[in-house]
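Asker: The structure file protein_4.cif (mmCIF, C-alpha atoms) is provided below.
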data_work
loop_
_atom_site.group_PDB
_atom_site.id
_atom_site.type_symbol
_atom_site.label_atom_id
_atom_site.label_comp_id
_atom_site.auth_asym_id
_atom_site.auth_seq_id
_atom_site.Cartn_x
_atom_site.Cartn_y
_atom_site.Cartn_z
ATOM 1 C CA MET A 288 128.816 98.841 70.260
ATOM 2 C CA ILE A 289 131.845 98.256 72.496
ATOM 3 C CA GLN A 290 134.835 98.981 70.300
ATOM 4 C CA GLN A 291 137.104 96.005 69.799
ATOM 5 C CA PRO A 292 140.883 96.376 69.459
ATOM 6 C CA GLU A 293 142.482 96.430 66.026
ATOM 7 C CA ILE A 294 145.396 94.327 67.271
ATOM 8 C CA ALA A 295 145.434 91.496 69.753
ATOM 9 C CA SER A 296 146.479 92.373 73.297
ATOM 10 C CA LYS A 297 147.973 90.184 75.997
ATOM 11 C CA PRO A 298 145.500 88.086 77.967
ATOM 12 C CA ILE A 299 144.315 89.708 81.182
ATOM 13 C CA VAL A 300 145.385 87.516 84.097
ATOM 14 C CA THR A 301 143.030 86.955 87.017
ATOM 15 C CA ILE A 302 143.806 85.255 90.309
ATOM 16 C CA THR A 303 141.297 83.640 92.663
ATOM 17 C CA LEU A 304 142.581 82.247 95.946
ATOM 18 C CA SER A 305 139.161 81.093 97.108
ATOM 19 C CA PRO A 306 137.036 80.053 94.123
ATOM 20 C CA THR A 307 133.647 78.470 94.565
ATOM 21 C CA ILE A 308 131.109 76.246 92.945
ATOM 22 C CA ASP A 309 128.130 78.583 92.702
ATOM 23 C CA LEU A 310 124.713 76.948 92.857
ATOM 24 C CA ALA A 311 121.663 79.072 92.043
ATOM 25 C CA PHE A 312 118.069 78.028 92.642
ATOM 26 C CA GLN A 313 114.662 79.534 92.083
ATOM 27 C CA SER A 314 111.819 78.538 94.365
ATOM 28 C CA ASN A 315 108.216 79.707 94.376
ATOM 29 C CA GLU A 316 108.154 80.210 98.145
ATOM 30 C CA ILE A 317 110.709 79.553 100.882
ATOM 31 C CA ARG A 318 109.265 78.112 104.079
ATOM 32 C CA PRO A 319 111.000 76.802 107.220
ATOM 33 C CA ILE A 320 111.133 73.073 108.051
ATOM 34 C CA ARG A 321 109.233 71.969 104.934
ATOM 35 C CA LYS A 322 110.940 70.958 101.707
ATOM 36 C CA ASN A 323 111.408 73.886 99.362
ATOM 37 C CA ARG A 324 111.211 72.726 95.763
ATOM 38 C CA ALA A 325 113.553 74.355 93.256
ATOM 39 C CA VAL A 326 111.989 75.079 89.870
ATOM 40 C CA GLN A 327 115.300 75.995 88.237
ATOM 41 C CA GLN A 328 118.908 75.232 89.062
ATOM 42 C CA SER A 329 122.244 76.347 87.634
ATOM 43 C CA THR A 330 125.811 75.481 88.538
ATOM 44 C CA ASP A 331 128.711 77.777 87.677
ATOM 45 C CA ALA A 332 132.392 78.225 88.371
ATOM 46 C CA GLY A 333 132.645 81.277 90.595
ATOM 47 C CA GLY A 334 134.768 83.351 92.905
ATOM 48 C CA GLY A 335 136.018 86.883 92.243
ATOM 49 C CA GLY A 336 138.767 86.314 89.688
ATOM 50 C CA ILE A 337 136.928 83.547 87.834
ATOM 51 C CA ASN A 338 133.861 85.769 87.563
ATOM 52 C CA VAL A 339 136.023 88.593 86.236
ATOM 53 C CA ALA A 340 137.496 86.245 83.635
ATOM 54 C CA ARG A 341 134.005 85.120 82.580
ATOM 55 C CA VAL A 342 132.917 88.727 82.047
ATOM 56 C CA LEU A 343 136.100 89.583 80.162
ATOM 57 C CA ARG A 344 135.341 86.739 77.764
ATOM 58 C CA GLU A 345 131.744 87.971 77.374
ATOM 59 C CA LEU A 346 133.038 91.430 76.433
ATOM 60 C CA GLY A 347 135.497 90.028 73.924
ATOM 61 C CA ALA A 348 138.821 90.012 75.771
ATOM 62 C CA GLU A 349 141.241 87.156 76.300
ATOM 63 C CA ALA A 350 141.560 86.115 79.926
ATOM 64 C CA TYR A 351 143.845 83.706 81.770
ATOM 65 C CA ALA A 352 142.480 82.502 85.109
ATOM 66 C CA ILE A 353 144.769 81.311 87.894
ATOM 67 C CA TYR A 354 142.895 79.650 90.739
ATOM 68 C CA LEU A 355 143.430 77.231 93.608
ATOM 69 C CA SER A 356 141.279 74.114 93.767
ATOM 70 C CA GLY A 357 141.186 70.824 95.661
ATOM 71 C CA GLY A 358 139.235 67.819 96.866
ATOM 72 C CA ALA A 359 136.206 66.239 95.222
ATOM 73 C CA THR A 360 134.550 69.627 94.804
ATOM 74 C CA GLY A 361 137.723 70.888 93.177
ATOM 75 C CA LEU A 362 137.313 68.295 90.430
ATOM 76 C CA VAL A 363 133.814 69.634 89.791
ATOM 77 C CA LEU A 364 135.124 73.195 89.649
ATOM 78 C CA ASN A 365 137.790 72.173 87.159
ATOM 79 C CA GLU A 366 135.120 70.619 84.931
ATOM 80 C CA LEU A 367 133.055 73.801 85.065
ATOM 81 C CA VAL A 368 136.075 75.928 84.139
ATOM 82 C CA ALA A 369 136.891 73.545 81.283
ATOM 83 C CA LYS A 370 133.324 73.839 79.946
ATOM 84 C CA LEU A 371 133.791 77.608 79.803
ATOM 85 C CA GLY A 372 136.785 77.108 77.521
ATOM 86 C CA LEU A 373 138.660 79.459 79.802
ATOM 87 C CA PRO A 374 142.462 79.221 79.570
ATOM 88 C CA GLY A 375 144.219 79.191 82.888
ATOM 89 C CA LYS A 376 146.146 77.366 85.566
ATOM 90 C CA CYS A 377 144.742 75.340 88.446
ATOM 91 C CA ILE A 378 147.012 75.159 91.486
ATOM 92 C CA GLU A 379 146.065 72.007 93.355
ATOM 93 C CA ILE A 380 145.521 72.291 97.104
ATOM 94 C CA ALA A 381 144.885 69.734 99.820
ATOM 95 C CA ALA A 382 141.621 71.220 101.092
ATOM 96 C CA SER A 383 138.286 71.040 99.308
ATOM 97 C CA THR A 384 136.918 73.843 97.160
ATOM 98 C CA ARG A 385 134.001 75.641 98.780
ATOM 99 C CA VAL A 386 130.394 75.591 97.611
ATOM 100 C CA SER A 387 128.060 78.597 97.820
ATOM 101 C CA PHE A 388 124.466 79.002 96.769
ATOM 102 C CA THR A 389 121.839 81.583 96.002
ATOM 103 C CA VAL A 390 118.085 81.121 96.243
ATOM 104 C CA CYS A 391 115.567 83.463 94.628
ATOM 105 C CA GLU A 392 112.045 83.357 96.072
ATOM 106 C CA GLU A 393 109.697 84.055 93.184
ATOM 107 C CA ILE A 394 106.664 85.067 95.244
ATOM 108 C CA SER A 395 108.548 87.936 96.924
ATOM 109 C CA GLY A 396 111.378 88.559 94.481
ATOM 110 C CA LEU A 397 113.843 88.346 97.377
ATOM 111 C CA GLU A 398 117.231 86.744 96.980
ATOM 112 C CA TYR A 399 119.036 84.774 99.684
ATOM 113 C CA ARG A 400 122.787 84.246 99.411
ATOM 114 C CA PHE A 401 124.784 81.685 101.394
ATOM 115 C CA VAL A 402 128.542 82.105 101.006
ATOM 116 C CA SER A 403 130.848 79.622 102.692
ATOM 117 C CA GLU A 404 134.278 80.485 104.031
ATOM 118 C CA GLY A 405 137.192 79.367 101.906
ATOM 119 C CA SER A 406 139.297 76.407 103.007
ATOM 120 C CA ALA A 407 142.615 77.116 104.706
ATOM 121 C CA LEU A 408 145.744 77.205 102.558
ATOM 122 C CA VAL A 409 149.232 76.154 103.605
ATOM 123 C CA GLU A 410 152.272 78.292 102.813
ATOM 124 C CA GLY A 411 153.404 76.268 99.824
ATOM 125 C CA GLU A 412 150.000 76.687 98.184
ATOM 126 C CA TRP A 413 149.726 80.468 98.382
ATOM 127 C CA GLN A 414 153.419 80.804 97.553
ATOM 128 C CA SER A 415 152.722 78.799 94.373
ATOM 129 C CA ALA A 416 150.104 81.374 93.413
ATOM 130 C CA LEU A 417 152.651 84.193 93.753
ATOM 131 C CA SER A 418 155.177 82.229 91.706
ATOM 132 C CA GLU A 419 152.620 81.589 88.978
ATOM 133 C CA ILE A 420 151.838 85.301 88.726
ATOM 134 C CA GLY A 421 155.542 86.063 88.611
ATOM 135 C CA GLY A 422 155.862 83.960 85.475
ATOM 136 C CA CYS A 423 152.951 85.542 83.603
ATOM 137 C CA ASP A 424 153.397 87.900 80.675
ATOM 138 C CA ALA A 425 150.560 90.361 81.185
ATOM 139 C CA ASP A 426 149.843 94.062 81.123
ATOM 140 C CA TYR A 427 147.006 93.755 83.652
ATOM 141 C CA VAL A 428 146.504 91.411 86.587
ATOM 142 C CA VAL A 429 143.185 91.343 88.443
ATOM 143 C CA ALA A 430 143.154 90.066 92.032
ATOM 144 C CA SER A 431 139.658 89.685 93.377
ATOM 145 C CA GLY A 432 138.175 88.189 96.512
ATOM 146 C CA SER A 433 138.864 87.785 100.200
ATOM 147 C CA LEU A 434 141.868 85.938 101.607
ATOM 148 C CA PRO A 435 141.164 82.393 102.817
ATOM 149 C CA PRO A 436 142.462 81.262 106.222
ATOM 150 C CA GLY A 437 146.189 80.592 106.335
ATOM 151 C CA VAL A 438 147.085 83.335 103.842
ATOM 152 C CA PRO A 439 149.048 86.292 105.283
ATOM 153 C CA VAL A 440 147.245 89.600 105.387
ATOM 154 C CA ASP A 441 149.900 91.189 103.173
ATOM 155 C CA PHE A 442 149.432 88.673 100.337
ATOM 156 C CA TYR A 443 148.016 91.267 97.940
ATOM 157 C CA ALA A 444 150.760 93.692 98.925
ATOM 158 C CA ARG A 445 153.328 91.054 97.954
ATOM 159 C CA LEU A 446 151.399 90.394 94.761
ATOM 160 C CA ALA A 447 151.455 94.098 93.914
ATOM 161 C CA GLY A 448 155.247 94.119 94.190
ATOM 162 C CA ILE A 449 155.552 91.145 91.826
ATOM 163 C CA VAL A 450 153.140 92.630 89.303
ATOM 164 C CA ARG A 451 154.922 95.983 89.412
ATOM 165 C CA SER A 452 158.346 94.372 88.946
ATOM 166 C CA ASN A 453 156.963 92.648 85.840
ATOM 167 C CA GLY A 454 155.947 96.008 84.399
ATOM 168 C CA ALA A 455 152.226 95.218 84.714
ATOM 169 C CA ARG A 456 149.344 96.928 86.504
ATOM 170 C CA LEU A 457 147.382 95.440 89.399
ATOM 171 C CA ILE A 458 143.604 95.821 89.670
ATOM 172 C CA LEU A 459 142.510 94.951 93.211
ATOM 173 C CA ASP A 460 139.045 94.150 94.526
ATOM 174 C CA THR A 461 139.189 93.034 98.144
ATOM 175 C CA SER A 462 138.307 94.371 101.580
ATOM 176 C CA GLY A 463 139.245 94.575 105.242
ATOM 177 C CA PRO A 464 142.799 94.063 106.474
ATOM 178 C CA ALA A 465 143.906 92.663 103.092
ATOM 179 C CA LEU A 466 142.915 95.911 101.389
ATOM 180 C CA GLN A 467 144.469 97.987 104.161
ATOM 181 C CA ALA A 468 147.791 96.149 103.860
ATOM 182 C CA ALA A 469 147.851 96.450 100.074
ATOM 183 C CA ILE A 470 147.044 100.170 100.118
ATOM 184 C CA SER A 471 149.655 100.785 102.811
ATOM 185 C CA ALA A 472 152.305 99.060 100.696
ATOM 186 C CA GLY A 473 151.298 100.995 97.568
ATOM 187 C CA GLY A 474 151.695 100.108 93.938
ATOM 188 C CA ILE A 475 147.997 99.534 93.194
ATOM 189 C CA TYR A 476 146.859 100.828 89.812
ATOM 190 C CA LEU A 477 143.128 100.540 90.524
ATOM 191 C CA ALA A 478 141.199 99.559 93.635
ATOM 192 C CA LYS A 479 137.434 99.135 93.728
ATOM 193 C CA PRO A 480 136.003 99.053 97.244
ATOM 194 C CA SER A 481 132.330 99.438 98.021
ATOM 195 C CA LEU A 482 131.275 102.427 100.106
ATOM 196 C CA GLY A 483 131.182 100.296 103.259
ATOM 197 C CA GLU A 484 134.607 98.831 102.511
ATOM 198 C CA PHE A 485 136.047 102.293 101.923
ATOM 199 C CA GLU A 486 134.567 103.545 105.193
ATOM 200 C CA THR A 487 136.236 100.630 106.982
ATOM 201 C CA LEU A 488 139.519 101.417 105.232
ATOM 202 C CA THR A 489 139.450 105.092 106.222
ATOM 203 C CA HIS A 490 137.804 104.586 109.640
ATOM 204 C CA ARG A 491 135.176 107.178 108.712
ATOM 205 C CA ARG A 492 131.494 107.366 107.986
ATOM 206 C CA PHE A 493 130.707 109.710 105.110
ATOM 207 C CA GLU A 494 127.648 111.927 105.405
ATOM 208 C CA SER A 495 127.823 113.285 101.857
ATOM 209 C CA VAL A 496 129.263 112.551 98.433
ATOM 210 C CA GLU A 497 131.485 115.598 98.871
ATOM 211 C CA GLU A 498 133.092 114.080 101.973
ATOM 212 C CA LEU A 499 133.567 110.803 100.115
ATOM 213 C CA ALA A 500 135.150 112.567 97.130
ATOM 214 C CA GLU A 501 137.535 114.473 99.402
ATOM 215 C CA ALA A 502 138.671 111.293 101.166
ATOM 216 C CA ALA A 503 139.078 109.383 97.900
ATOM 217 C CA THR A 504 141.060 112.234 96.357
ATOM 218 C CA SER A 505 143.301 112.428 99.419
ATOM 219 C CA LEU A 506 144.078 108.717 99.202
ATOM 220 C CA VAL A 507 144.961 108.955 95.511
ATOM 221 C CA ALA A 508 147.186 111.955 96.265
ATOM 222 C CA THR A 509 149.308 109.807 98.597
ATOM 223 C CA GLY A 510 150.323 107.642 95.629
ATOM 224 C CA SER A 511 149.250 104.422 97.351
ATOM 225 C CA VAL A 512 146.665 103.817 94.664
ATOM 226 C CA GLU A 513 146.570 105.523 91.279
ATOM 227 C CA ASN A 514 142.825 105.184 90.653
ATOM 228 C CA LEU A 515 140.021 104.526 93.094
ATOM 229 C CA ALA A 516 136.469 103.531 92.146
ATOM 230 C CA VAL A 517 134.000 103.433 95.043
ATOM 231 C CA SER A 518 130.702 101.694 94.298
ATOM 232 C CA MET A 519 127.669 102.993 96.178
ATOM 233 C CA GLY A 520 124.909 100.570 95.181
ATOM 234 C CA ARG A 521 121.791 102.343 93.986
ATOM 235 C CA ASP A 522 123.518 105.699 94.485
ATOM 236 C CA GLY A 523 125.955 104.965 91.666
ATOM 237 C CA ALA A 524 129.720 105.181 92.006
ATOM 238 C CA LEU A 525 132.557 107.657 92.393
ATOM 239 C CA LEU A 526 135.924 107.659 90.648
ATOM 240 C CA ALA A 527 138.973 109.461 91.987
ATOM 241 C CA HIS A 528 142.108 109.738 89.873
ATOM 242 C CA ARG A 529 145.075 112.055 89.460
ATOM 243 C CA SER A 530 143.153 114.597 87.411
ATOM 244 C CA GLY A 531 140.012 114.806 89.535
ATOM 245 C CA THR A 532 136.815 112.957 90.375
ATOM 246 C CA LEU A 533 133.733 111.749 88.551
ATOM 247 C CA ARG A 534 130.517 110.766 90.268
ATOM 248 C CA LEU A 535 127.702 109.147 88.285
ATOM 249 C CA ARG A 536 124.383 107.750 89.437
ATOM 250 C CA GLY A 537 124.277 105.230 86.627
ATOM 251 C CA PRO A 538 121.269 103.748 84.831
ATOM 252 C CA GLU A 539 118.115 102.903 86.736
ATOM 253 C CA VAL A 540 117.438 99.181 86.539
ATOM 254 C CA LYS A 541 115.124 96.767 88.312
ATOM 255 C CA PRO A 542 117.474 94.352 90.082
ATOM 256 C CA VAL A 543 116.933 90.625 89.757
ATOM 257 C CA SER A 544 120.118 89.464 91.480
ATOM 258 C CA ALA A 545 123.096 91.220 93.063
ATOM 259 C CA VAL A 546 125.474 88.331 92.366
ATOM 260 C CA GLY A 547 128.536 89.343 90.365
ATOM 261 C CA ALA A 548 127.805 93.055 90.041
ATOM 262 C CA GLY A 549 131.135 94.092 91.539
ATOM 263 C CA ASP A 550 133.063 91.520 89.515
ATOM 264 C CA SER A 551 131.347 92.718 86.331
ATOM 265 C CA PHE A 552 132.244 96.325 87.210
ATOM 266 C CA VAL A 553 135.916 95.420 87.693
ATOM 267 C CA ALA A 554 136.067 93.277 84.554
ATOM 268 C CA ALA A 555 134.613 95.987 82.329
ATOM 269 C CA MET A 556 136.935 98.663 83.714
ATOM 270 C CA THR A 557 139.917 96.390 83.120
ATOM 271 C CA PHE A 558 138.664 95.546 79.630
ATOM 272 C CA ALA A 559 138.560 99.236 78.711
ATOM 273 C CA LEU A 560 141.900 100.089 80.340
ATOM 274 C CA ALA A 561 143.583 97.239 78.486
ATOM 275 C CA ARG A 562 142.277 98.815 75.277
ATOM 276 C CA ARG A 563 143.963 102.084 76.211
ATOM 277 C CA LYS A 564 140.792 103.916 77.167
ATOM 278 C CA ASN A 565 141.205 106.675 79.737
ATOM 279 C CA VAL A 566 140.150 105.873 83.281
ATOM 280 C CA GLU A 567 136.889 107.876 83.138
ATOM 281 C CA ASP A 568 135.771 106.022 80.013
ATOM 282 C CA ALA A 569 136.704 102.749 81.696
ATOM 283 C CA PHE A 570 134.717 103.802 84.761
ATOM 284 C CA MET A 571 131.606 104.392 82.662
ATOM 285 C CA LEU A 572 131.857 100.965 81.052
ATOM 286 C CA GLY A 573 132.329 99.464 84.516
ATOM 287 C CA MET A 574 129.145 101.126 85.747
ATOM 288 C CA ALA A 575 127.241 99.788 82.753
ATOM 289 C CA ALA A 576 128.485 96.243 83.335
ATOM 290 C CA GLY A 577 127.724 96.390 87.053
ATOM 291 C CA ALA A 578 124.175 97.509 86.306
ATOM 292 C CA ALA A 579 123.814 94.849 83.611
ATOM 293 C CA ALA A 580 124.815 92.113 86.060
ATOM 294 C CA VAL A 581 121.822 92.746 88.318
ATOM 295 C CA LEU A 582 119.467 92.064 85.404
ATOM 296 C CA THR A 583 120.339 88.359 85.283
ATOM 297 C CA HIS A 584 119.273 85.551 87.603
ATOM 298 C CA GLY A 585 121.611 83.740 89.939
ATOM 299 C CA THR A 586 125.212 83.634 88.796
ATOM 300 C CA GLN A 587 124.719 84.466 85.118
ATOM 301 C CA LEU A 588 126.686 87.755 85.399
ATOM 302 C CA CYS A 589 126.285 90.446 82.723
ATOM 303 C CA ARG A 590 125.325 90.036 79.058
ATOM 304 C CA LEU A 591 127.103 91.965 76.308
ATOM 305 C CA GLU A 592 123.893 93.365 74.807
ATOM 306 C CA ASP A 593 122.786 94.733 78.197
ATOM 307 C CA VAL A 594 126.205 96.289 78.796
ATOM 308 C CA GLU A 595 126.121 98.050 75.432
ATOM 309 C CA HIS A 596 122.612 99.410 76.008
ATOM 310 C CA LEU A 597 123.357 100.647 79.526
ATOM 311 C CA HIS A 598 126.721 102.044 78.487
ATOM 312 C CA ALA A 599 124.918 104.455 76.170
ATOM 313 C CA GLU A 600 122.820 105.639 79.140
ATOM 314 C CA VAL A 601 125.886 106.167 81.319
ATOM 315 C CA MET A 602 127.630 108.168 78.594
ATOM 316 C CA ALA A 603 124.516 110.307 78.185
ATOM 317 C CA GLU A 604 124.528 111.055 81.915
ATOM 318 C CA ARG A 605 128.160 112.105 81.780
ATOM 319 C CA ALA A 606 127.416 114.374 78.784
ATOM 320 C CA ARG A 607 124.613 116.058 80.743
ATOM 321 C CA ILE A 608 126.967 116.662 83.656
ATOM 322 C CA HIS A 609 129.607 118.198 81.413
ATOM 323 C CA ALA A 610 126.996 120.361 79.692
ATOM 324 C CA GLY A 611 125.786 121.588 83.080
ATOM 325 C CA ASP A 612 129.328 122.374 84.196
ATOM 326 C CA ALA A 613 129.989 124.308 80.979
ATOM 327 C CA ALA A 614 126.805 126.358 81.455
ATOM 328 C CA ARG A 615 127.836 127.576 84.909
#
If you convert what's in this file into C-alpha cells, what do you get?

Answerer:
Amino acid sequence: MIQQPEIASKPIVTITLSPTIDLAFQSNEIRPIRKNRAVQQSTDAGGGGINVARVLRELGAEAYAIYLSGGATGLVLNELVAKLGLPGKCIEIAASTRVSFTVCEEISGLEYRFVSEGSALVEGEWQSALSEIGGCDADYVVASGSLPPGVPVDFYARLAGIVRSNGARLILDTSGPALQAAISAGGIYLAKPSLGEFETLTHRRFESVEELAEAATSLVATGSVENLAVSMGRDGALLAHRSGTLRLRGPEVKPVSAVGAGDSFVAAMTFALARRKNVEDAFMLGMAAGAAAVLTHGTQLCRLEDVEHLHAEVMAERARIHAGDAAR
C-alpha cells in the first residue's frame, strides 16, 4: 500500500498553459478513405498539468489545477474539469482550447495519436498565469507541457523565480528551448526530460547509460537543477541527484497506450516528495506510476491498484541492485 500522510499537507499546484480536450477511440481496423467506426469513445480533460492533477487525486493527494481555457471548446473543458471534482482556477483566454485525439486499432494493437498545437496567448493571459501562481500557498508547484505560441521562451524560468520566492519547489516537465531557458536560469527542484529531450538539451547523443549518468550528474553539480529524472522508455529511467545516481529498468509490462505515462511519472514523484520521501523513493514510485499508465486505454492514466503492485516490483529491483553492490 502507498502510505498516506498522518496530517494533511498543502494542495499540490499544477499549471497547464495549453490544456486539451482528449478524445480516445477504439476501432477494429483503420482504413484510408472509408469510414472508420469507433466501438468505444471517451472524452477527458487533458494536458500536462491537468493530467498530473488527475493522477495526484488517484493516489490520494490534494491538487489545485490552474489552467487557461477559452472559446466553445473551453466551456467543454471546464465541464470536464468540474466533473472530476478537481479544485482549481480557470484563466479565461480569447482563443479556443485545443482538441486532441487518440485512436487504438484493435486488429493490430497500434495506437495513433493526433496532438494539435495550442492556441496563441496574448501577454495579459500568460501574465495572469504567473500572477495566479504568485498568490498560491503551496510547497510544490508542477509545471507540465509545452509553451503555446505567444508565450516567451523564458516563461518557466520566470515561473521558477516566483515559486522560489514563495518558498516552494518547482517540478518541471517540458522540452526544447523552454527547458533550456529554465535550466539556464536555475532554481528547478526536479526536471523530468525524456532521453531524447535530454539529448537535445545537452546537444549530445549518448551511446551508453554510463555516458548519460555522467552528463546528468554534471548538470546537477552545476546547481541549475537539484534532481534530474531521465525517462528512457522500455529501458527504464535514470535519476541523478546530489548524492549520486540510480538507474532502474522498471517492471516489464505489455503496453496498451503510451498516453499520460510521463505525467503519471511526474505526479507520483511529486506525491512522494510532498510526503517527505527521499528522492530515490519518489523516483521508484514515479517509475511504477509511469508503467501503470501504459496498462490503460486511451487517456485513462494510471490506476492506484496497478501503481501499488508495480511499486513492489520496482522496490524489489532496487533491493537486488543494492544486494549486488554489497556483494562486490

Asker: If we count only C-alpha atoms and set the cut-off at 8 Å, which residues sit around Ala348 of chain A, ignoring sequence neighbours fewer than 6 positions away in its own chain? Please answer as a PyMOL selection string.

Answerer: chain A and resi 298-299+558

Asker: Would you kindly translate the PyMOL selection byres ((chain A and resi 597) around 12) into the concrete residues it picks from this file, as a PyMOL selection string?

Answerer: chain A and resi 288-289+537-540+571-582+589-596+598-604

Asker: Near Cys391 of chain A, within 7 Å and counting all atoms listed in the file, which residues show up once chain neighbours fewer than 4 positions away are dropped, as a PDB file with C-alpha atoms, in the coordinates of the input?

Answerer:
ATOM      1  CA  PHE A 312     118.069  78.028  92.642  1.00  0.00           C
ATOM      2  CA  GLN A 313     114.662  79.534  92.083  1.00  0.00           C
ATOM      3  CA  SER A 314     111.819  78.538  94.365  1.00  0.00           C
ATOM      4  CA  GLY A 396     111.378  88.559  94.481  1.00  0.00           C
ATOM      5  CA  LEU A 397     113.843  88.346  97.377  1.00  0.00           C
ATOM      6  CA  GLU A 398     117.231  86.744  96.980  1.00  0.00           C
ATOM      7  CA  TYR A 399     119.036  84.774  99.684  1.00  0.00           C
TER       8      TYR A 399
END

Asker: Apply the PyMOL selection byres ((chain A and resi 479-491) around 8) to the file shown and report the selected residues as a list in words.

Answerer: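 Answer for the PyMOL selection byres ((chain A and resi 479-491) around 8): Leu459, Asp460, Thr461, Ser462, Gly463, Leu466, Gln467, Leu477, Ala478, Arg492, Phe493, Leu515, Ala516, Val517, Ser518, Met519 and Val553 of chain A.
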
Asker: Mind writing the picked residues with C-alpha atoms as a CSV table (one decimal), keeping the file's coordinate frame?

Answerer:
chain,number,residue,atom,x,y,z
A,459,LEU,CA,142.5,95.0,93.2
A,460,ASP,CA,139.0,94.2,94.5
A,461,THR,CA,139.2,93.0,98.1
A,462,SER,CA,138.3,94.4,101.6
A,463,GLY,CA,139.2,94.6,105.2
A,466,LEU,CA,142.9,95.9,101.4
A,467,GLN,CA,144.5,98.0,104.2
A,477,LEU,CA,143.1,100.5,90.5
A,478,ALA,CA,141.2,99.6,93.6
A,492,ARG,CA,131.5,107.4,108.0
A,493,PHE,CA,130.7,109.7,105.1
A,515,LEU,CA,140.0,104.5,93.1
A,516,ALA,CA,136.5,103.5,92.1
A,517,VAL,CA,134.0,103.4,95.0
A,518,SER,CA,130.7,101.7,94.3
A,519,MET,CA,127.7,103.0,96.2
A,553,VAL,CA,135.9,95.4,87.7

Asker: To one decimal place, how far is atom CA of Ala527 of chain A from atom CA of Met556 of chain A in Å?

Answerer: 13.8 Å

Asker: Assuming the chain letters and numbering stay as they are in my file, what does the PyMOL selection byres ((chain A and resi 331) around 7) actually select? List them as a PyMOL selection string.

Answerer: chain A and resi 308-310+329-330+332-333+367+586

Asker: Which residues of segment 515-592 of chain A come within 12 Å of segment 440-456 of chain A, and for each one, what is the closest pair of atoms and their distance in Å to one decimal, counting all atoms listed in the file, sorted by chain and residue number, as a Markdown table?

Answerer:
| residue | atom | partner | partner_atom | distance |
| --- | --- | --- | --- | --- |
| A:Thr557 | CA | A:Arg456 | CA | 10.0 |
| A:Leu560 | CA | A:Arg456 | CA | 10.2 |
| A:Ala561 | CA | A:Arg456 | CA | 9.9 |

Asker: Would you export the selected residues with C-alpha atoms as an mmCIF file, keeping the file's coordinate frame, please?

Answerer:
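Saved file selection-v8.cif follows:
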data_model
loop_
_atom_site.group_PDB
_atom_site.id
_atom_site.type_symbol
_atom_site.label_atom_id
_atom_site.label_comp_id
_atom_site.auth_asym_id
_atom_site.auth_seq_id
_atom_site.Cartn_x
_atom_site.Cartn_y
_atom_site.Cartn_z
ATOM 1 C CA THR A 557 139.917 96.390 83.120
ATOM 2 C CA LEU A 560 141.900 100.089 80.340
ATOM 3 C CA ALA A 561 143.583 97.239 78.486
#
